Amino acid sequence: MVSFVMSPMKVMSMSMMVIGTVLSVSSEELVGVWLGMELNLYGFLVVMNPDGHYIPEPCVKYFVVQSTGSILMLGGFVLLMQQFVVSGLMMSVIGTVLKSGISPLHSWVPSTIKNSSWLASGLMLTWQKVAPLVLLSMIMPLSGMWLVIGLMAMIGALGGLNQNSVRVMSAYSSFVHTSWMLLGLTWSSVVFVSYFLVYSMSVGLFFYGCSLMNKLSMSSQLSGAASGMGLLMLMGMPPFLGFLAKVLVFLMTSSSVIVLCIVGSVISLKYYIDFFYSMVMKSLTDKSKSGVKSMWMLVIIMNLMGGVVILVSFL
Amino acid sequence: MKLMSSNLPLLVLICSGYLSIFTGSILSSAYLLEVPVWDSHCLSFSFSILADNVSMIFVGTVLVISGSVATYCKWYMASETYYNRFMGLVWLFVLSMIFMILVPNLVMLLIGWDGLGLTSFLLVAYYQNNKSLSAAMLTALTNRIGDVLVLVSISILLNEGGWLVYSYYPVSMWSGLSVVVVLAGMTKSAQMPFCAWLPAAMAAPTPVSSLVHSSTLVTAGVYLVLRSFYVVSANPLATQMLMILSLFTLVLAGSSAVFAFDLKKVIALSTLSQLSLMMFSISILLPFVAFFHLVTHAVFKALLFLGAGGVIHSNQSIQDIRGLSSLWQSLPVSMSAMSVAIVSLSGAPFMSGFYSKDLIIELSMMDSSMTYGCYMLELLGLIFTSFYSARIVFSVMLGSNYINCSTLRLFEHLNMQVPFLSLYVGAIFLGLSLGSTMEKFGYVVVLESYESLSIFLIPFVGLAMWWGVLTKLGFNPWSWTKMLSFFLSMWLVESLTSHPGKTLFFKSSLMMYQTLDQGWLELLGPQGVYAKLGQVSQLNEVVQSNYFTYQMVAWSLVTIAGLSLVVFM
């Protein structure tokens, strides 16, 4: 259960987190970009610790990684200002890549997420990525982008196969989705934003359902329906919005890296289905009485989603 | 009074059925209502309804029988939990039959035709045990063959630009169409190669059997063939095939009925023999005589089944005729119903079965195209009819045995007696009245006197045979087990027709399973790919497990590279 109490500290840190990202995205100066990210980091470090608890390990990991990334980034900015264009760009790109957890420097993501709370890991996968990704789209050279996208898709798809933790699996699945997002970002920011919204919606739904769940199985109907729904949206199967977002990227892009992204999504289907089966289906057979109701709810939501897709595609 | 008022709608249905029969018999014109549903360049799908005397009489018969059966169900199925579901299915069944009768368009007819197959499946499987399920499956699959054949004939008729197959003179037609239509009718009417499902469908509740065997499911095939008579008669091959197969079915059904012990199965086999008689009369180009027999047979067979249902329901669900005896004492009303039906069935003079059956035999005797062998087969089949009828009468009604000889009179509910009464009328008078009013049933018969005498003697020959076998010869064929099993399995047709197809499909399914699911393709495809990807994923785990050193090395390298770039550039 998310221990989410609106203490003044939490309100302040959450708003700092939001304002930091907004500042970073909308800033004209490079220093402003850096400053926004720092604000966002300090806000988020508080959010990572639920009230009354102190979880050192993921906080320290996250802090170390992010501050190292910031050092590199800031150093790169300074070099840029000193007209060392190539080395400055390179350093700042490496810093940003580290901060957003993108492929060559991705390996902190699964272990950090594994030990954080549902809320923190959900935010880490979605909101925390906005500012670095937007910056990356501006400074990253295109050839490097293709490389990164391909690597992300492959690592995300392959790494998730052996996982048995929901959060680690989501970390790997976020790699695949990030590759799609980056592919959208190379073309237009609108595609990126729409994919990002759909992705955060599904991750939010999935993590919300999981956080309601007790240790053994999905006994609560709402949690079963919500997490099943979230997983199905993450899968990107046709009646769901996840599919629409993928189609959008597919239609927009002209690069052949899309093949790697699709292969990655197909391989990642395997672990989504495994999790879906063991989380939703098995709990349905275990508790048939509550299961039937949650199945109905699932079906209804599924149809609503399908309706949304049809509406969107015809408008 | 209360009973009568609660049954009022059903009684109105029965009366309107009789009204429709009599309107139909004096109707001289035909009406065709056609509503186009969809038009293309030269094709039009239309919904059409044909109302002429044949369809009016048949719809009337269906209404009379379904009304009687529904009344009877109130007594027979009173203790059922799912009574409403059952009745819903029965009415759907009747509705699809009426659809099948009234719609002459082959495309739209398929709705009724398919509906009959589907609802019969649900009704036969009604008791929800393995035996009913396998019987229902057999019924549904055999009917499915008929569906496919109807689809084939629809696609052949595409060349004609229309699908009004009833009373239709084909313009330029592939002559194979008549064979296809005949085969489709034979699946529904359970003729020779497809006859295994009819006795198996006895697993249904008895009122349903009464409905299925009299006027609905099995007669649909006969009705299709007789209505598309002009298509069928265009090809002599089709009529020849129909004649031979129907005669063989006649003998098969009769001889099996002689040996069967199950009361319902005996009656089912008698239905089969009457159906093959109808098919036979179509094959000698007498469709209207076949229709005449269809109507009279429907009424007395429904009555016979309702009587048998009363017997079974009142005797602890015993169906074996060896366990039933002297029922004339305990169930007088049911027994009188059954005896009227049986007398009508065996074609005793002046009952309704007599008029139609007699007409078929006389006209077939007049037909010069029939060979001597066919004629002998027909006579043999007809002799069996009175043989097994006598067996039912003398063992169930009059005989006595040591198993069950209660002489107490049982209570016969009014809901059981009303349908008997309504069907008595038909079983006795329908043949006379239809034969005298309807123009199409009027034929001039010219026969030698010994021929007409022999026709008159057919029932009595059967009786005499039964008497001779049992008493005079002292020969008891029912103790001869090999012959018994041969006849009880309907000349092994059951296993001959159902077994090869089953084996073929199961074997090919096994082969598909072994080559696709268990073969190299699976190993090379999904499973192999998954195993390989899993190995790569393990490699990733190794990297992840000591990611800190990995990251440190990576970062320091990157930092050194960056700084060196800054310094040396």
# chains A, B, ... in the order shown; residues from 1 in each chain; ligands from 1
$ interface_residues --of "chain A" --to "chain B" --cutoff "8 Å" --atoms "only C-alpha atoms" --output "number ranges by chain"
A: 84, 87, 90-91, 105, 107-108, 155, 158-162
$ residues_around --residues "segment 63-78 of chain B" --least-positions-apart "4" --cutoff "9 Å" --atoms "only C-alpha atoms" --output "ChimeraX atom specification"
/B:7,9-18,20,58-59,83,86-87,90-91,94,98,205-208,210-211,214-215,298-299,302-303,306,309-310,313,413-420,422-423
$ residues_around --residues "Gly435 of chain B" --least-positions-apart "6" --cutoff "10 Å" --atoms "only C-alpha atoms" --output "list in words"
Ser25, Val289, Phe292, Ser352, Tyr355, Ser356, Leu359, Phe429, Phe441, Gly442 and Tyr443 of chain B
$ write_last_selection --atoms "C-alpha atoms" --output "short mmCIF file (atom, residue, chain, number, x, y, z; two decimals), in the first residue's frame"
data_model
loop_
_atom_site.label_atom_id
_atom_site.label_comp_id
_atom_site.auth_asym_id
_atom_site.auth_seq_id
_atom_site.Cartn_x
_atom_site.Cartn_y
_atom_site.Cartn_z
CA SER B 25 -56.49 -28.70 -48.83
CA VAL B 289 -48.08 -38.89 -52.66
CA PHE B 292 -49.59 -37.13 -48.33
CA SER B 352 -55.28 -42.43 -42.11
CA TYR B 355 -54.83 -44.04 -47.64
CA SER B 356 -51.36 -42.71 -48.15
CA LEU B 359 -51.53 -45.14 -52.67
CA PHE B 429 -59.68 -39.02 -40.17
CA PHE B 441 -53.79 -36.60 -54.09
CA GLY B 442 -56.31 -38.01 -56.53
CA TYR B 443 -54.92 -40.76 -58.73
#
$ residues_around --residues "Tyr424 of chain B" --least-positions-apart "6" --cutoff "10 Å" --atoms "only C-alpha atoms" --output "ChimeraX atom specification"
/B:299-300,303,336-338,340-341,418,430
$ residues_around --residues "segment 57-70 of chain A" --least-positions-apart "3" --cutoff "7 Å" --atoms "only C-alpha atoms" --output "number ranges by chain"
A: 45, 48, 73-74, 95-96, 98-99, 112, 115-116
$ write_last_selection --atoms "C-alpha atoms" --output "PDB file, in the first residue's frame"
ATOM      1  CA  LEU A  45      14.942  12.262  -3.103  1.00  0.00           C
ATOM      2  CA  MET A  48      11.582   8.361  -2.459  1.00  0.00           C
ATOM      3  CA  MET A  73      26.563  17.486 -17.833  1.00  0.00           C
ATOM      4  CA  LEU A  74      27.617  20.680 -16.138  1.00  0.00           C
ATOM      5  CA  GLY A  95      25.868  12.980 -18.562  1.00  0.00           C
ATOM      6  CA  THR A  96      22.330  13.156 -19.871  1.00  0.00           C
ATOM      7  CA  LEU A  98      23.488   8.566 -17.514  1.00  0.00           C
ATOM      8  CA  LYS A  99      20.818  10.677 -15.868  1.00  0.00           C
ATOM      9  CA  THR A 112      17.453   1.145  -8.012  1.00  0.00           C
ATOM     10  CA  ASN A 115      14.242  -1.479  -3.833  1.00  0.00           C
ATOM     11  CA  SER A 116      12.140   1.657  -4.058  1.00  0.00           C
TER      12      SER A 116
END
$ residues_around --residues "Phe248 of chain B" --least-positions-apart "2" --cutoff "9 Å" --atoms "only C-alpha atoms" --output "list of chain:residue names"
B:Gln191, B:Met192, B:Met243, B:Ile244, B:Leu245, B:Ser246, B:Leu250, B:Val251, B:Leu252, B:Ala253, B:Ser276, B:Leu377, B:Glu378, B:Gly381
$ write_last_selection --atoms "N, CA and C atoms" --output "PDB file, in the first residue's frame"
ATOM      1  N   GLN B 191     -31.326 -41.295 -44.373  1.00  0.00           N
ATOM      2  CA  GLN B 191     -31.333 -42.447 -45.268  1.00  0.00           C
ATOM      3  C   GLN B 191     -30.002 -43.184 -45.177  1.00  0.00           C
ATOM      4  N   MET B 192     -29.908 -44.254 -45.919  1.00  0.00           N
ATOM      5  CA  MET B 192     -28.952 -45.331 -45.656  1.00  0.00           C
ATOM      6  C   MET B 192     -27.545 -44.982 -45.146  1.00  0.00           C
ATOM      7  N   MET B 243     -33.894 -44.198 -55.096  1.00  0.00           N
ATOM      8  CA  MET B 243     -34.773 -45.364 -55.010  1.00  0.00           C
ATOM      9  C   MET B 243     -34.053 -46.535 -54.332  1.00  0.00           C
ATOM     10  N   ILE B 244     -32.846 -46.822 -54.796  1.00  0.00           N
ATOM     11  CA  ILE B 244     -32.143 -47.987 -54.247  1.00  0.00           C
ATOM     12  C   ILE B 244     -31.806 -47.772 -52.778  1.00  0.00           C
ATOM     13  N   LEU B 245     -31.274 -46.588 -52.463  1.00  0.00           N
ATOM     14  CA  LEU B 245     -30.882 -46.351 -51.067  1.00  0.00           C
ATOM     15  C   LEU B 245     -32.093 -46.343 -50.157  1.00  0.00           C
ATOM     16  N   SER B 246     -33.212 -45.775 -50.637  1.00  0.00           N
ATOM     17  CA  SER B 246     -34.371 -45.715 -49.746  1.00  0.00           C
ATOM     18  C   SER B 246     -34.950 -47.111 -49.539  1.00  0.00           C
ATOM     19  N   LEU B 250     -35.381 -49.012 -46.067  1.00  0.00           N
ATOM     20  CA  LEU B 250     -36.665 -49.577 -45.640  1.00  0.00           C
ATOM     21  C   LEU B 250     -36.460 -50.960 -45.037  1.00  0.00           C
ATOM     22  N   VAL B 251     -35.709 -51.790 -45.735  1.00  0.00           N
ATOM     23  CA  VAL B 251     -35.504 -53.149 -45.244  1.00  0.00           C
ATOM     24  C   VAL B 251     -34.644 -53.133 -43.982  1.00  0.00           C
ATOM     25  N   LEU B 252     -33.608 -52.289 -44.006  1.00  0.00           N
ATOM     26  CA  LEU B 252     -32.717 -52.187 -42.847  1.00  0.00           C
ATOM     27  C   LEU B 252     -33.486 -51.780 -41.595  1.00  0.00           C
ATOM     28  N   ALA B 253     -34.301 -50.717 -41.743  1.00  0.00           N
ATOM     29  CA  ALA B 253     -35.017 -50.208 -40.577  1.00  0.00           C
ATOM     30  C   ALA B 253     -36.016 -51.247 -40.089  1.00  0.00           C
ATOM     31  N   SER B 276     -38.189 -43.724 -45.388  1.00  0.00           N
ATOM     32  CA  SER B 276     -37.627 -44.265 -46.618  1.00  0.00           C
ATOM     33  C   SER B 276     -38.737 -44.583 -47.607  1.00  0.00           C
ATOM     34  N   LEU B 377     -38.000 -55.943 -52.454  1.00  0.00           N
ATOM     35  CA  LEU B 377     -37.478 -55.232 -51.288  1.00  0.00           C
ATOM     36  C   LEU B 377     -38.559 -54.397 -50.617  1.00  0.00           C
ATOM     37  N   GLU B 378     -39.370 -53.735 -51.446  1.00  0.00           N
ATOM     38  CA  GLU B 378     -40.425 -52.891 -50.898  1.00  0.00           C
ATOM     39  C   GLU B 378     -41.421 -53.719 -50.103  1.00  0.00           C
ATOM     40  N   GLY B 381     -39.920 -54.882 -46.802  1.00  0.00           N
ATOM     41  CA  GLY B 381     -39.884 -53.798 -45.818  1.00  0.00           C
ATOM     42  C   GLY B 381     -41.245 -53.541 -45.221  1.00  0.00           C
TER      43      GLY B 381
END
$ residues_around --residues "segment 190-194 of chain A" --least-positions-apart "2" --cutoff "8 Å" --atoms "only C-alpha atoms" --output "ChimeraX atom specification"
/A:181-182,184-185,187-188,196-198,245,248-249
$ write_last_selection --atoms "N, CA and C atoms" --output "PDB file, in the first residue's frame"
ATOM      1  N   MET A 181       9.945   5.807 -27.551  1.00  0.00           N
ATOM      2  CA  MET A 181       9.785   7.249 -27.302  1.00  0.00           C
ATOM      3  C   MET A 181      10.872   8.039 -28.002  1.00  0.00           C
ATOM      4  N   LEU A 182      12.112   7.544 -27.903  1.00  0.00           N
ATOM      5  CA  LEU A 182      13.230   8.247 -28.542  1.00  0.00           C
ATOM      6  C   LEU A 182      13.034   8.284 -30.047  1.00  0.00           C
ATOM      7  N   GLY A 184      10.193   8.319 -31.561  1.00  0.00           N
ATOM      8  CA  GLY A 184       9.217   9.370 -31.809  1.00  0.00           C
ATOM      9  C   GLY A 184       9.840  10.748 -31.676  1.00  0.00           C
ATOM     10  N   LEU A 185      10.738  10.874 -30.712  1.00  0.00           N
ATOM     11  CA  LEU A 185      11.357  12.161 -30.421  1.00  0.00           C
ATOM     12  C   LEU A 185      12.238  12.629 -31.572  1.00  0.00           C
ATOM     13  N   TRP A 187      11.577  12.477 -34.530  1.00  0.00           N
ATOM     14  CA  TRP A 187      10.730  13.061 -35.564  1.00  0.00           C
ATOM     15  C   TRP A 187       9.985  14.291 -35.059  1.00  0.00           C
ATOM     16  N   SER A 188       9.155  14.101 -34.020  1.00  0.00           N
ATOM     17  CA  SER A 188       8.433  15.269 -33.525  1.00  0.00           C
ATOM     18  C   SER A 188       8.141  15.091 -32.046  1.00  0.00           C
ATOM     19  N   PHE A 196       4.457   9.277 -24.495  1.00  0.00           N
ATOM     20  CA  PHE A 196       4.814   9.383 -23.090  1.00  0.00           C
ATOM     21  C   PHE A 196       3.579   9.364 -22.201  1.00  0.00           C
ATOM     22  N   LEU A 197       2.532  10.076 -22.636  1.00  0.00           N
ATOM     23  CA  LEU A 197       1.297  10.118 -21.838  1.00  0.00           C
ATOM     24  C   LEU A 197       0.687   8.727 -21.720  1.00  0.00           C
ATOM     25  N   VAL A 198       0.617   8.039 -22.847  1.00  0.00           N
ATOM     26  CA  VAL A 198       0.026   6.699 -22.817  1.00  0.00           C
ATOM     27  C   VAL A 198       0.851   5.780 -21.935  1.00  0.00           C
ATOM     28  N   ALA A 245      -0.407   4.287 -29.679  1.00  0.00           N
ATOM     29  CA  ALA A 245       0.829   5.066 -29.572  1.00  0.00           C
ATOM     30  C   ALA A 245       1.911   4.458 -30.462  1.00  0.00           C
ATOM     31  N   LEU A 248       1.269   5.279 -34.018  1.00  0.00           N
ATOM     32  CA  LEU A 248       1.628   6.678 -34.287  1.00  0.00           C
ATOM     33  C   LEU A 248       3.112   6.779 -34.626  1.00  0.00           C
ATOM     34  N   VAL A 249       3.956   6.188 -33.790  1.00  0.00           N
ATOM     35  CA  VAL A 249       5.393   6.224 -34.038  1.00  0.00           C
ATOM     36  C   VAL A 249       5.721   5.518 -35.346  1.00  0.00           C
TER      37      VAL A 249
END
$ closest_residue --among "A:Leu142, A:Leu241, A:Met201, A:Ser278" --to "Ser255 of chain A" --atoms "only C-alpha atoms"
A:Leu142
